[in-house]
Amino acid sequence: MGSYETLRVALAIAAKDLLVEQRTKTAFFSSLVFAILVLTILYFARDATAVSDLDLAPGALWVTFTFAGMLGLNRAFLLERENRAVDGLRLSPATPTGIFLGKVLGNLVFVGVVELVSLPLFILFYDVPIWRQLGLLLLVIFLATTGFVAVGTLFSAIVVRTRFSEVMLPVLLLPFLFPPIVAAVQLTRRIVALRPFDELTGWLSMLAAFVVIFFFLSLLLFEAILEE
Amino acid sequence: MRSARRGTVITGLALLGLTGVYIRALVYTPMERLQGLAQKIFYVHAPAAWAALLAFAVTGLFSLLYLITRDRKFDLVASSSAEVGVAFSLVMLTTGPLWGKPVWGTWWTWDARLTSTLFIFLLFVGYLVLRGAFNDFEIRARFSAVLGVMALVLVPFIHVTVYWFRTLHPEPVLLKPDRPSLPGVMLTTLLISIGVFTALYVGFMMQRHALTVLRDIRDEETVDANA
């Protein structure tokens, strides 16, 4: 199967997953409402006289994105578990690479939309003067989310075979989210404080290295998960 | 099971060696000028950390070997090593705060090495929890090997992350670019202790591994009997 075919399979699987989601919108709206709730609760979970909005904002944003994203990730393979749909995927001529890319793409769109909808609320709630640096923040969000979704897709394929997949996913996934989230928080903190670009390069290259390495590692290892 | 018996002998000898390390550290190694008696815990803490990291490196590498060869015996080594590693990490994570309280004035601090070892510990507890979630040998081996390889690649990232965040931990006294900065007598005690802990690791591993093999055989027989 050529790379063009693989891409077509990936797009088809992503489109299928998103269509299923679009018909019910249950996961999307629960993730979104969950994100808004977390943003609100975190705002009040501090001493407002001691910790300013801007000091709290970067951490709040990323805790929200992480938790809301994790809710969505479990869904990707739970869909396939029902009626053993995963066997159909395996029987189809789709390669593991195509399936993985499709699932990652579907998750990326799902988590990305939740993030993009909650971002304006975050800017509003925490009164973040971000408009001039928005492009940079979106780049950080894109990178961290891609890393998060790649590893998360691999792990959701693992935990879906266990009995307590909802609990198992965070236990396995959170240690892997530690480097990208700390990097994203550090970057967001500097971006929000309008620091010069020089102060971003270190964490930015670490984040990029994480995304590239774990994306390809997850892609490579996914084959071992799917085989029967 | 010959390897089990050999493991018991090695563990016994290593435990005798550990008694020797205690005696040497307490009686024959000079008192550290600033840290006093608390520093003695270093001769247990650092070697336990070494054994834990060794155990986890073995788990990661044997996970990779399993994925390449699909040979059962690599999975058994990887899982045994993870369990032994969790035990050594617990020694490391309990002796650390005992030393930290008198010397740093706090039980715990979010320092680079503390945080990364805590994460490594949690990763491998997760690894063992995941293993417990599967009944089928083949799936368990394959899935946990994937996690083992992922963890092996993750550890450097965690270390860089927390290191850039900030560090307070004493600088390395043994493995560093120039010569060790530990005085000779203390260095000898530390090296002996590292040797003893390595032997302990080997002894534990051989026993644990023999047990895993036996359990594996029993599981197979149960499956056969049910079939």
# chains A, B, ... in the order shown; residues from 1 in each chain; ligands from 1
$ residues_around --residues "Arg84 of chain A" --least-positions-apart "6" --cutoff "12 Å" --atoms "only C-alpha atoms" --output "ChimeraX atom specification"
/A:77-78,90-91,160-161
$ interface_residues --of "chain A" --to "chain B" --cutoff "7 Å" --atoms "only C-alpha atoms" --output "list of chain:residue names"
A:Ile158, A:Thr162, A:Val171, A:Leu172, A:Pro175, A:Phe176, A:Pro179, A:Leu221, A:Ala224, A:Ile225
$ write_last_selection --atoms "N, CA and C atoms" --output "compact mmCIF listing (two decimals), in the first residue's frame"
# COMPACT_ATOMS: atom_id res chain seq x y z
N ILE A 158 -4.55 0.48 23.90
CA ILE A 158 -4.12 -0.53 24.88
C ILE A 158 -5.21 -0.73 25.94
N THR A 162 -8.76 -3.56 28.49
CA THR A 162 -8.84 -3.86 29.92
C THR A 162 -10.24 -3.55 30.44
N VAL A 171 -3.83 6.86 34.32
CA VAL A 171 -2.69 6.33 35.08
C VAL A 171 -1.49 6.10 34.16
N LEU A 172 -1.75 5.57 32.97
CA LEU A 172 -0.65 5.32 32.04
C LEU A 172 -0.22 6.58 31.31
N PRO A 175 1.97 10.34 33.16
CA PRO A 175 3.43 10.51 33.19
C PRO A 175 4.00 10.95 31.84
N PHE A 176 3.36 10.49 30.76
CA PHE A 176 3.85 10.86 29.43
C PHE A 176 3.46 12.28 29.06
N PRO A 179 6.18 15.96 30.48
CA PRO A 179 7.08 16.87 29.74
C PRO A 179 6.36 17.86 28.81
N LEU A 221 4.93 1.56 17.29
CA LEU A 221 4.50 0.56 18.26
C LEU A 221 3.04 0.16 18.07
N ALA A 224 2.15 -3.29 16.90
CA ALA A 224 2.19 -4.38 17.88
C ALA A 224 0.90 -4.44 18.69
N ILE A 225 0.18 -3.33 18.77
CA ILE A 225 -1.07 -3.32 19.54
C ILE A 225 -2.20 -3.96 18.72
$ residues_around --residues "segment 182-199 of chain A" --least-positions-apart "2" --cutoff "7 Å" --atoms "only C-alpha atoms" --output "ChimeraX atom specification"
/A:58-59,62,128-130,133,137,140,144,178-180,201,203,207
$ residues_around --residues "segment 197-209 of chain B" --least-positions-apart "3" --cutoff "7 Å" --atoms "only C-alpha atoms" --output "PyMOL selection string"
chain B and resi 3-4+7-8+10-11+14+47-48+51+76-77+80-81+84+193-194+212-213
$ atom_distance --atom1 "atom CA of Gly20 of chain B" --atom2 "atom CA of Val58 of chain B"
27.2 Å
$ residues_around --residues "Ala10 of chain A" --least-positions-apart "6" --cutoff "10 Å" --atoms "only C-alpha atoms" --output "CSV table (one decimal) with N, CA and C atoms, in the first residue's frame"
chain,number,residue,atom,x,y,z
A,4,TYR,N,0.0,7.2,-0.6
A,4,TYR,CA,-1.2,7.9,-1.0
A,4,TYR,C,-2.4,7.1,-0.4
A,16,LYS,N,-15.0,8.9,9.4
A,16,LYS,CA,-16.0,8.0,10.0
A,16,LYS,C,-16.2,8.4,11.5
A,94,ALA,N,-7.0,-1.8,5.3
A,94,ALA,CA,-6.3,-0.7,6.0
A,94,ALA,C,-5.0,-1.2,6.7
A,95,THR,N,-3.9,-0.5,6.5
A,95,THR,CA,-2.7,-0.9,7.3
A,95,THR,C,-2.8,-0.3,8.7
A,96,PRO,N,-2.0,-0.9,9.6
A,96,PRO,CA,-2.0,-0.3,11.0
A,96,PRO,C,-1.6,1.2,10.9
A,97,THR,N,-0.7,1.6,10.0
A,97,THR,CA,-0.2,3.0,9.9
A,97,THR,C,-1.4,3.8,9.6
A,98,GLY,N,-2.2,3.4,8.6
A,98,GLY,CA,-3.4,4.1,8.2
A,98,GLY,C,-4.4,4.3,9.3
A,99,ILE,N,-4.6,3.2,10.0
A,99,ILE,CA,-5.6,3.2,11.1
A,99,ILE,C,-5.1,4.2,12.2
A,100,PHE,N,-3.8,4.1,12.5
A,100,PHE,CA,-3.3,5.0,13.6
A,100,PHE,C,-3.4,6.4,13.2
A,101,LEU,N,-3.0,6.7,11.9
A,101,LEU,CA,-3.0,8.1,11.5
A,101,LEU,C,-4.5,8.6,11.5
A,102,GLY,N,-5.4,7.8,11.1
A,102,GLY,CA,-6.8,8.2,11.0
A,102,GLY,C,-7.3,8.5,12.4
A,103,LYS,N,-7.0,7.6,13.4
A,103,LYS,CA,-7.4,7.8,14.7
A,103,LYS,C,-6.8,9.0,15.3
A,104,VAL,N,-5.5,9.3,15.1
A,104,VAL,CA,-4.9,10.5,15.6
A,104,VAL,C,-5.5,11.7,15.0
A,105,LEU,N,-5.8,11.6,13.7
A,105,LEU,CA,-6.4,12.8,13.0
A,105,LEU,C,-7.8,13.1,13.6
A,106,GLY,N,-8.6,12.0,13.7
A,106,GLY,CA,-9.9,12.2,14.3
A,106,GLY,C,-9.8,12.8,15.7
$ atom_distance --atom1 "atom CA of Leu54 of chain A" --atom2 "atom CA of Thr66 of chain A"
19.2 Å
$ atom_distance --atom1 "atom CA of Arg81 of chain A" --atom2 "atom CA of Val117 of chain A"
29.0 Å
$ residues_around --residues "segment 36-49 of chain A" --least-positions-apart "6" --cutoff "12 Å" --atoms "only C-alpha atoms" --output "ChimeraX atom specification"
/A:29-30,55-68,114-115,117-127
$ select_by_dssp --residues "segment 60-224 of chain B" --states "alpha helix (DSSP H)" --output "ChimeraX atom specification"
/B:60-69,72-104,112-132,137-165,184-224
$ write_last_selection --atoms "C-alpha atoms" --output "CSV table (one decimal), in the first residue's frame"
chain,number,residue,atom,x,y,z
B,60,GLY,CA,12.9,-1.2,29.0
B,61,LEU,CA,15.6,-3.1,27.1
B,62,PHE,CA,14.0,-6.5,27.5
B,63,SER,CA,10.6,-5.0,26.5
B,64,LEU,CA,12.3,-3.9,23.3
B,65,LEU,CA,13.8,-7.4,22.8
B,66,TYR,CA,10.4,-9.0,23.3
B,67,LEU,CA,8.8,-6.8,20.7
B,68,ILE,CA,11.6,-7.7,18.2
B,69,THR,CA,11.9,-11.4,18.9
B,72,ARG,CA,8.5,-15.2,26.0
B,73,LYS,CA,11.5,-15.4,28.1
B,74,PHE,CA,12.3,-11.7,27.5
B,75,ASP,CA,8.9,-10.7,28.8
B,76,LEU,CA,9.5,-12.7,31.9
B,77,VAL,CA,12.8,-10.9,32.6
B,78,ALA,CA,11.2,-7.5,31.9
B,79,SER,CA,8.3,-8.0,34.3
B,80,SER,CA,10.4,-9.5,37.0
B,81,SER,CA,12.8,-6.6,36.8
B,82,ALA,CA,10.0,-4.1,37.0
B,83,GLU,CA,8.8,-5.7,40.2
B,84,VAL,CA,12.2,-5.7,41.8
B,85,GLY,CA,12.8,-2.2,40.6
B,86,VAL,CA,9.6,-1.0,42.4
B,87,ALA,CA,10.9,-2.5,45.6
B,88,PHE,CA,14.3,-0.7,45.3
B,89,SER,CA,12.5,2.6,44.4
B,90,LEU,CA,10.5,2.3,47.6
B,91,VAL,CA,13.8,2.1,49.5
B,92,MET,CA,15.1,5.1,47.6
B,93,LEU,CA,11.9,7.1,48.1
B,94,THR,CA,11.7,6.4,51.8
B,95,THR,CA,15.4,6.9,52.7
B,96,GLY,CA,15.5,10.2,50.7
B,97,PRO,CA,13.0,12.1,52.9
B,98,LEU,CA,14.6,10.7,56.1
B,99,TRP,CA,17.8,12.4,55.0
B,100,GLY,CA,16.1,15.4,53.6
B,101,LYS,CA,14.3,16.4,56.8
B,102,PRO,CA,17.5,17.1,58.9
B,103,VAL,CA,19.7,18.3,56.0
B,104,TRP,CA,17.3,20.3,53.8
B,112,ALA,CA,14.8,17.5,39.6
B,113,ARG,CA,16.0,14.2,40.7
B,114,LEU,CA,13.3,13.6,43.3
B,115,THR,CA,10.6,14.4,40.8
B,116,SER,CA,12.0,12.3,38.0
B,117,THR,CA,12.5,9.3,40.3
B,118,LEU,CA,9.0,9.7,41.6
B,119,PHE,CA,7.7,9.6,38.0
B,120,ILE,CA,9.8,6.6,37.1
B,121,PHE,CA,8.4,4.8,40.1
B,122,LEU,CA,4.8,5.7,39.1
B,123,LEU,CA,5.5,4.7,35.5
B,124,PHE,CA,6.5,1.2,36.6
B,125,VAL,CA,3.7,0.9,39.1
B,126,GLY,CA,1.5,1.6,36.1
B,127,TYR,CA,3.3,-1.0,34.1
B,128,LEU,CA,2.6,-3.6,36.8
B,129,VAL,CA,-1.0,-2.5,37.1
B,130,LEU,CA,-1.5,-2.8,33.3
B,131,ARG,CA,0.0,-6.4,33.4
B,132,GLY,CA,-2.5,-7.3,36.0
B,137,PHE,CA,-0.3,-14.1,28.3
B,138,GLU,CA,0.4,-13.0,24.7
B,139,ILE,CA,-1.6,-9.8,24.9
B,140,ARG,CA,-0.1,-9.0,28.4
B,141,ALA,CA,3.4,-9.4,27.1
B,142,ARG,CA,2.9,-7.4,23.9
B,143,PHE,CA,1.0,-4.5,25.5
B,144,SER,CA,3.3,-4.2,28.5
B,145,ALA,CA,6.3,-4.3,26.3
B,146,VAL,CA,5.0,-1.4,24.3
B,147,LEU,CA,4.6,0.5,27.6
B,148,GLY,CA,8.1,-0.5,28.6
B,149,VAL,CA,9.7,0.8,25.4
B,150,MET,CA,7.7,4.1,25.6
B,151,ALA,CA,8.8,4.5,29.2
B,152,LEU,CA,12.4,4.0,28.3
B,153,VAL,CA,12.2,6.9,25.8
B,154,LEU,CA,10.2,9.1,28.2
B,155,VAL,CA,12.7,9.1,31.1
B,156,PRO,CA,15.3,11.4,29.5
B,157,PHE,CA,12.4,13.9,28.7
B,158,ILE,CA,11.2,13.9,32.3
B,159,HIS,CA,14.7,14.4,33.5
B,160,VAL,CA,15.3,17.4,31.2
B,161,THR,CA,11.9,18.9,32.1
B,162,VAL,CA,12.4,18.8,35.8
B,163,TYR,CA,16.1,19.8,35.5
B,164,TRP,CA,15.1,23.0,33.6
B,165,PHE,CA,12.4,23.7,36.1
B,184,GLY,CA,38.5,8.2,49.6
B,185,VAL,CA,37.1,6.3,52.6
B,186,MET,CA,33.6,7.4,51.9
B,187,LEU,CA,34.0,6.6,48.2
B,188,THR,CA,35.1,3.1,49.1
B,189,THR,CA,32.1,2.6,51.3
B,190,LEU,CA,29.8,3.8,48.6
B,191,LEU,CA,31.3,1.6,45.9
B,192,ILE,CA,31.1,-1.4,48.2
B,193,SER,CA,27.5,-0.6,48.8
B,194,ILE,CA,26.7,-0.2,45.1
B,195,GLY,CA,28.3,-3.7,44.6
B,196,VAL,CA,26.2,-5.1,47.4
B,197,PHE,CA,23.0,-3.6,46.0
B,198,THR,CA,23.8,-4.9,42.5
B,199,ALA,CA,24.2,-8.4,44.0
B,200,LEU,CA,20.9,-7.9,45.8
B,201,TYR,CA,19.3,-7.0,42.5
B,202,VAL,CA,20.7,-10.0,40.8
B,203,GLY,CA,19.6,-12.3,43.7
B,204,PHE,CA,16.1,-10.9,43.8
B,205,MET,CA,15.8,-11.1,40.0
B,206,MET,CA,16.9,-14.7,39.9
B,207,GLN,CA,14.3,-15.7,42.5
B,208,ARG,CA,11.6,-13.5,41.1
B,209,HIS,CA,12.3,-14.8,37.6
B,210,ALA,CA,12.2,-18.4,38.7
B,211,LEU,CA,8.9,-17.7,40.4
B,212,THR,CA,7.5,-16.1,37.2
B,213,VAL,CA,8.5,-19.1,35.1
B,214,LEU,CA,6.8,-21.4,37.6
B,215,ARG,CA,3.6,-19.3,37.6
B,216,ASP,CA,3.7,-19.3,33.8
B,217,ILE,CA,3.9,-23.1,33.7
B,218,ARG,CA,1.0,-23.3,36.1
B,219,ASP,CA,-1.1,-20.9,34.1
B,220,GLU,CA,-0.5,-23.0,31.0
B,221,GLU,CA,-1.5,-26.2,32.8
B,222,THR,CA,-4.7,-24.5,34.0
B,223,VAL,CA,-5.5,-23.4,30.4
B,224,ASP,CA,-4.8,-26.9,29.1
$ closest_residue --among "A:Glu21, A:Glu227, A:Glu166, A:Gly112" --to "Asp87 of chain A" --atoms "only C-alpha atoms"
A:Glu227
$ closest_residue --among "A:Gly69, A:Glu80, A:Arg163, A:Leu173" --to "Phe28 of chain A" --atoms "only C-alpha atoms"
A:Gly69
$ closest_residue --among "A:Asn74, A:Ser52, A:Thr6, A:Ser31" --to "Phe164 of chain A" --atoms "only C-alpha atoms"
A:Asn74
$ decode --residues "segment 45-84 of chain A" --atoms "N, CA and C atoms" --output "PDB file, in the first residue's frame"
ATOM      1  N   ALA A  45     -10.134  28.210  42.893  1.00  0.00           N
ATOM      2  CA  ALA A  45      -9.319  27.343  43.749  1.00  0.00           C
ATOM      3  C   ALA A  45      -7.986  28.007  44.069  1.00  0.00           C
ATOM      4  N   ARG A  46      -8.014  29.216  44.570  1.00  0.00           N
ATOM      5  CA  ARG A  46      -6.784  29.917  44.952  1.00  0.00           C
ATOM      6  C   ARG A  46      -7.179  31.120  45.788  1.00  0.00           C
ATOM      7  N   ASP A  47      -6.172  31.752  46.411  1.00  0.00           N
ATOM      8  CA  ASP A  47      -6.394  32.980  47.146  1.00  0.00           C
ATOM      9  C   ASP A  47      -6.188  34.134  46.170  1.00  0.00           C
ATOM     10  N   ALA A  48      -7.273  34.784  45.780  1.00  0.00           N
ATOM     11  CA  ALA A  48      -7.205  35.807  44.721  1.00  0.00           C
ATOM     12  C   ALA A  48      -6.331  36.996  45.116  1.00  0.00           C
ATOM     13  N   THR A  49      -6.124  37.207  46.415  1.00  0.00           N
ATOM     14  CA  THR A  49      -5.271  38.335  46.824  1.00  0.00           C
ATOM     15  C   THR A  49      -3.793  37.982  46.720  1.00  0.00           C
ATOM     16  N   ALA A  50      -3.483  36.691  46.727  1.00  0.00           N
ATOM     17  CA  ALA A  50      -2.083  36.278  46.699  1.00  0.00           C
ATOM     18  C   ALA A  50      -1.618  35.852  45.296  1.00  0.00           C
ATOM     19  N   VAL A  51      -2.508  35.213  44.539  1.00  0.00           N
ATOM     20  CA  VAL A  51      -2.147  34.728  43.204  1.00  0.00           C
ATOM     21  C   VAL A  51      -2.977  35.484  42.169  1.00  0.00           C
ATOM     22  N   SER A  52      -2.290  36.212  41.298  1.00  0.00           N
ATOM     23  CA  SER A  52      -3.024  37.006  40.315  1.00  0.00           C
ATOM     24  C   SER A  52      -3.589  36.124  39.214  1.00  0.00           C
ATOM     25  N   ASP A  53      -4.562  36.645  38.482  1.00  0.00           N
ATOM     26  CA  ASP A  53      -5.174  35.912  37.380  1.00  0.00           C
ATOM     27  C   ASP A  53      -4.115  35.414  36.393  1.00  0.00           C
ATOM     28  N   LEU A  54      -3.181  36.317  36.057  1.00  0.00           N
ATOM     29  CA  LEU A  54      -2.194  35.976  35.042  1.00  0.00           C
ATOM     30  C   LEU A  54      -1.215  34.908  35.519  1.00  0.00           C
ATOM     31  N   ASP A  55      -0.956  34.858  36.839  1.00  0.00           N
ATOM     32  CA  ASP A  55      -0.074  33.808  37.365  1.00  0.00           C
ATOM     33  C   ASP A  55      -0.755  32.448  37.304  1.00  0.00           C
ATOM     34  N   LEU A  56      -2.060  32.472  37.486  1.00  0.00           N
ATOM     35  CA  LEU A  56      -2.820  31.222  37.530  1.00  0.00           C
ATOM     36  C   LEU A  56      -3.136  30.711  36.122  1.00  0.00           C
ATOM     37  N   ALA A  57      -3.316  31.662  35.188  1.00  0.00           N
ATOM     38  CA  ALA A  57      -3.870  31.338  33.868  1.00  0.00           C
ATOM     39  C   ALA A  57      -3.157  30.199  33.114  1.00  0.00           C
ATOM     40  N   PRO A  58      -1.806  30.229  32.950  1.00  0.00           N
ATOM     41  CA  PRO A  58      -1.177  29.182  32.124  1.00  0.00           C
ATOM     42  C   PRO A  58      -1.433  27.777  32.657  1.00  0.00           C
ATOM     43  N   GLY A  59      -1.288  27.601  33.979  1.00  0.00           N
ATOM     44  CA  GLY A  59      -1.527  26.294  34.570  1.00  0.00           C
ATOM     45  C   GLY A  59      -2.973  25.871  34.389  1.00  0.00           C
ATOM     46  N   ALA A  60      -3.882  26.808  34.626  1.00  0.00           N
ATOM     47  CA  ALA A  60      -5.314  26.512  34.513  1.00  0.00           C
ATOM     48  C   ALA A  60      -5.648  26.056  33.099  1.00  0.00           C
ATOM     49  N   LEU A  61      -5.098  26.772  32.115  1.00  0.00           N
ATOM     50  CA  LEU A  61      -5.385  26.437  30.722  1.00  0.00           C
ATOM     51  C   LEU A  61      -4.972  24.993  30.414  1.00  0.00           C
ATOM     52  N   TRP A  62      -3.769  24.615  30.844  1.00  0.00           N
ATOM     53  CA  TRP A  62      -3.257  23.306  30.449  1.00  0.00           C
ATOM     54  C   TRP A  62      -3.851  22.163  31.245  1.00  0.00           C
ATOM     55  N   VAL A  63      -4.182  22.419  32.512  1.00  0.00           N
ATOM     56  CA  VAL A  63      -4.887  21.380  33.280  1.00  0.00           C
ATOM     57  C   VAL A  63      -6.234  21.122  32.617  1.00  0.00           C
ATOM     58  N   THR A  64      -6.898  22.213  32.207  1.00  0.00           N
ATOM     59  CA  THR A  64      -8.195  22.080  31.543  1.00  0.00           C
ATOM     60  C   THR A  64      -8.082  21.290  30.241  1.00  0.00           C
ATOM     61  N   PHE A  65      -7.131  21.681  29.402  1.00  0.00           N
ATOM     62  CA  PHE A  65      -6.952  20.990  28.125  1.00  0.00           C
ATOM     63  C   PHE A  65      -6.630  19.510  28.324  1.00  0.00           C
ATOM     64  N   THR A  66      -5.763  19.225  29.307  1.00  0.00           N
ATOM     65  CA  THR A  66      -5.369  17.836  29.548  1.00  0.00           C
ATOM     66  C   THR A  66      -6.561  16.983  29.948  1.00  0.00           C
ATOM     67  N   PHE A  67      -7.317  17.469  30.932  1.00  0.00           N
ATOM     68  CA  PHE A  67      -8.421  16.672  31.443  1.00  0.00           C
ATOM     69  C   PHE A  67      -9.519  16.523  30.395  1.00  0.00           C
ATOM     70  N   ALA A  68      -9.839  17.639  29.733  1.00  0.00           N
ATOM     71  CA  ALA A  68     -10.898  17.580  28.723  1.00  0.00           C
ATOM     72  C   ALA A  68     -10.471  16.679  27.569  1.00  0.00           C
ATOM     73  N   GLY A  69      -9.201  16.777  27.177  1.00  0.00           N
ATOM     74  CA  GLY A  69      -8.694  15.942  26.086  1.00  0.00           C
ATOM     75  C   GLY A  69      -8.748  14.472  26.431  1.00  0.00           C
ATOM     76  N   MET A  70      -8.415  14.157  27.678  1.00  0.00           N
ATOM     77  CA  MET A  70      -8.388  12.750  28.079  1.00  0.00           C
ATOM     78  C   MET A  70      -9.784  12.131  28.024  1.00  0.00           C
ATOM     79  N   LEU A  71     -10.796  12.952  28.335  1.00  0.00           N
ATOM     80  CA  LEU A  71     -12.176  12.453  28.238  1.00  0.00           C
ATOM     81  C   LEU A  71     -12.475  12.008  26.812  1.00  0.00           C
ATOM     82  N   GLY A  72     -11.991  12.797  25.842  1.00  0.00           N
ATOM     83  CA  GLY A  72     -12.269  12.494  24.446  1.00  0.00           C
ATOM     84  C   GLY A  72     -11.491  11.304  23.920  1.00  0.00           C
ATOM     85  N   LEU A  73     -10.277  11.099  24.464  1.00  0.00           N
ATOM     86  CA  LEU A  73      -9.406  10.063  23.909  1.00  0.00           C
ATOM     87  C   LEU A  73      -9.956   8.654  24.084  1.00  0.00           C
ATOM     88  N   ASN A  74     -10.560   8.417  25.244  1.00  0.00           N
ATOM     89  CA  ASN A  74     -11.077   7.082  25.514  1.00  0.00           C
ATOM     90  C   ASN A  74     -12.066   6.630  24.447  1.00  0.00           C
ATOM     91  N   ARG A  75     -12.752   7.633  23.884  1.00  0.00           N
ATOM     92  CA  ARG A  75     -13.828   7.395  22.946  1.00  0.00           C
ATOM     93  C   ARG A  75     -13.353   6.689  21.673  1.00  0.00           C
ATOM     94  N   ALA A  76     -12.134   7.074  21.194  1.00  0.00           N
ATOM     95  CA  ALA A  76     -11.677   6.626  19.877  1.00  0.00           C
ATOM     96  C   ALA A  76     -11.751   5.111  19.697  1.00  0.00           C
ATOM     97  N   PHE A  77     -11.316   4.347  20.696  1.00  0.00           N
ATOM     98  CA  PHE A  77     -11.323   2.901  20.520  1.00  0.00           C
ATOM     99  C   PHE A  77     -12.501   2.221  21.192  1.00  0.00           C
ATOM    100  N   LEU A  78     -13.165   2.965  22.104  1.00  0.00           N
ATOM    101  CA  LEU A  78     -14.398   2.412  22.668  1.00  0.00           C
ATOM    102  C   LEU A  78     -15.421   2.228  21.554  1.00  0.00           C
ATOM    103  N   LEU A  79     -15.396   3.168  20.600  1.00  0.00           N
ATOM    104  CA  LEU A  79     -16.258   3.073  19.417  1.00  0.00           C
ATOM    105  C   LEU A  79     -16.077   1.740  18.717  1.00  0.00           C
ATOM    106  N   GLU A  80     -14.817   1.318  18.609  1.00  0.00           N
ATOM    107  CA  GLU A  80     -14.501   0.107  17.860  1.00  0.00           C
ATOM    108  C   GLU A  80     -14.767  -1.151  18.670  1.00  0.00           C
ATOM    109  N   ARG A  81     -14.869  -0.981  20.010  1.00  0.00           N
ATOM    110  CA  ARG A  81     -15.088  -2.166  20.835  1.00  0.00           C
ATOM    111  C   ARG A  81     -16.538  -2.646  20.714  1.00  0.00           C
ATOM    112  N   GLU A  82     -17.454  -1.681  20.614  1.00  0.00           N
ATOM    113  CA  GLU A  82     -18.859  -2.035  20.474  1.00  0.00           C
ATOM    114  C   GLU A  82     -19.061  -2.915  19.233  1.00  0.00           C
ATOM    115  N   ASN A  83     -19.787  -3.974  19.399  1.00  0.00           N
ATOM    116  CA  ASN A  83     -20.063  -4.913  18.297  1.00  0.00           C
ATOM    117  C   ASN A  83     -18.793  -5.418  17.620  1.00  0.00           C
ATOM    118  N   ARG A  84     -17.680  -5.349  18.345  1.00  0.00           N
ATOM    119  CA  ARG A  84     -16.380  -5.823  17.834  1.00  0.00           C
ATOM    120  C   ARG A  84     -16.057  -5.211  16.467  1.00  0.00           C
TER     121      ARG A  84
END
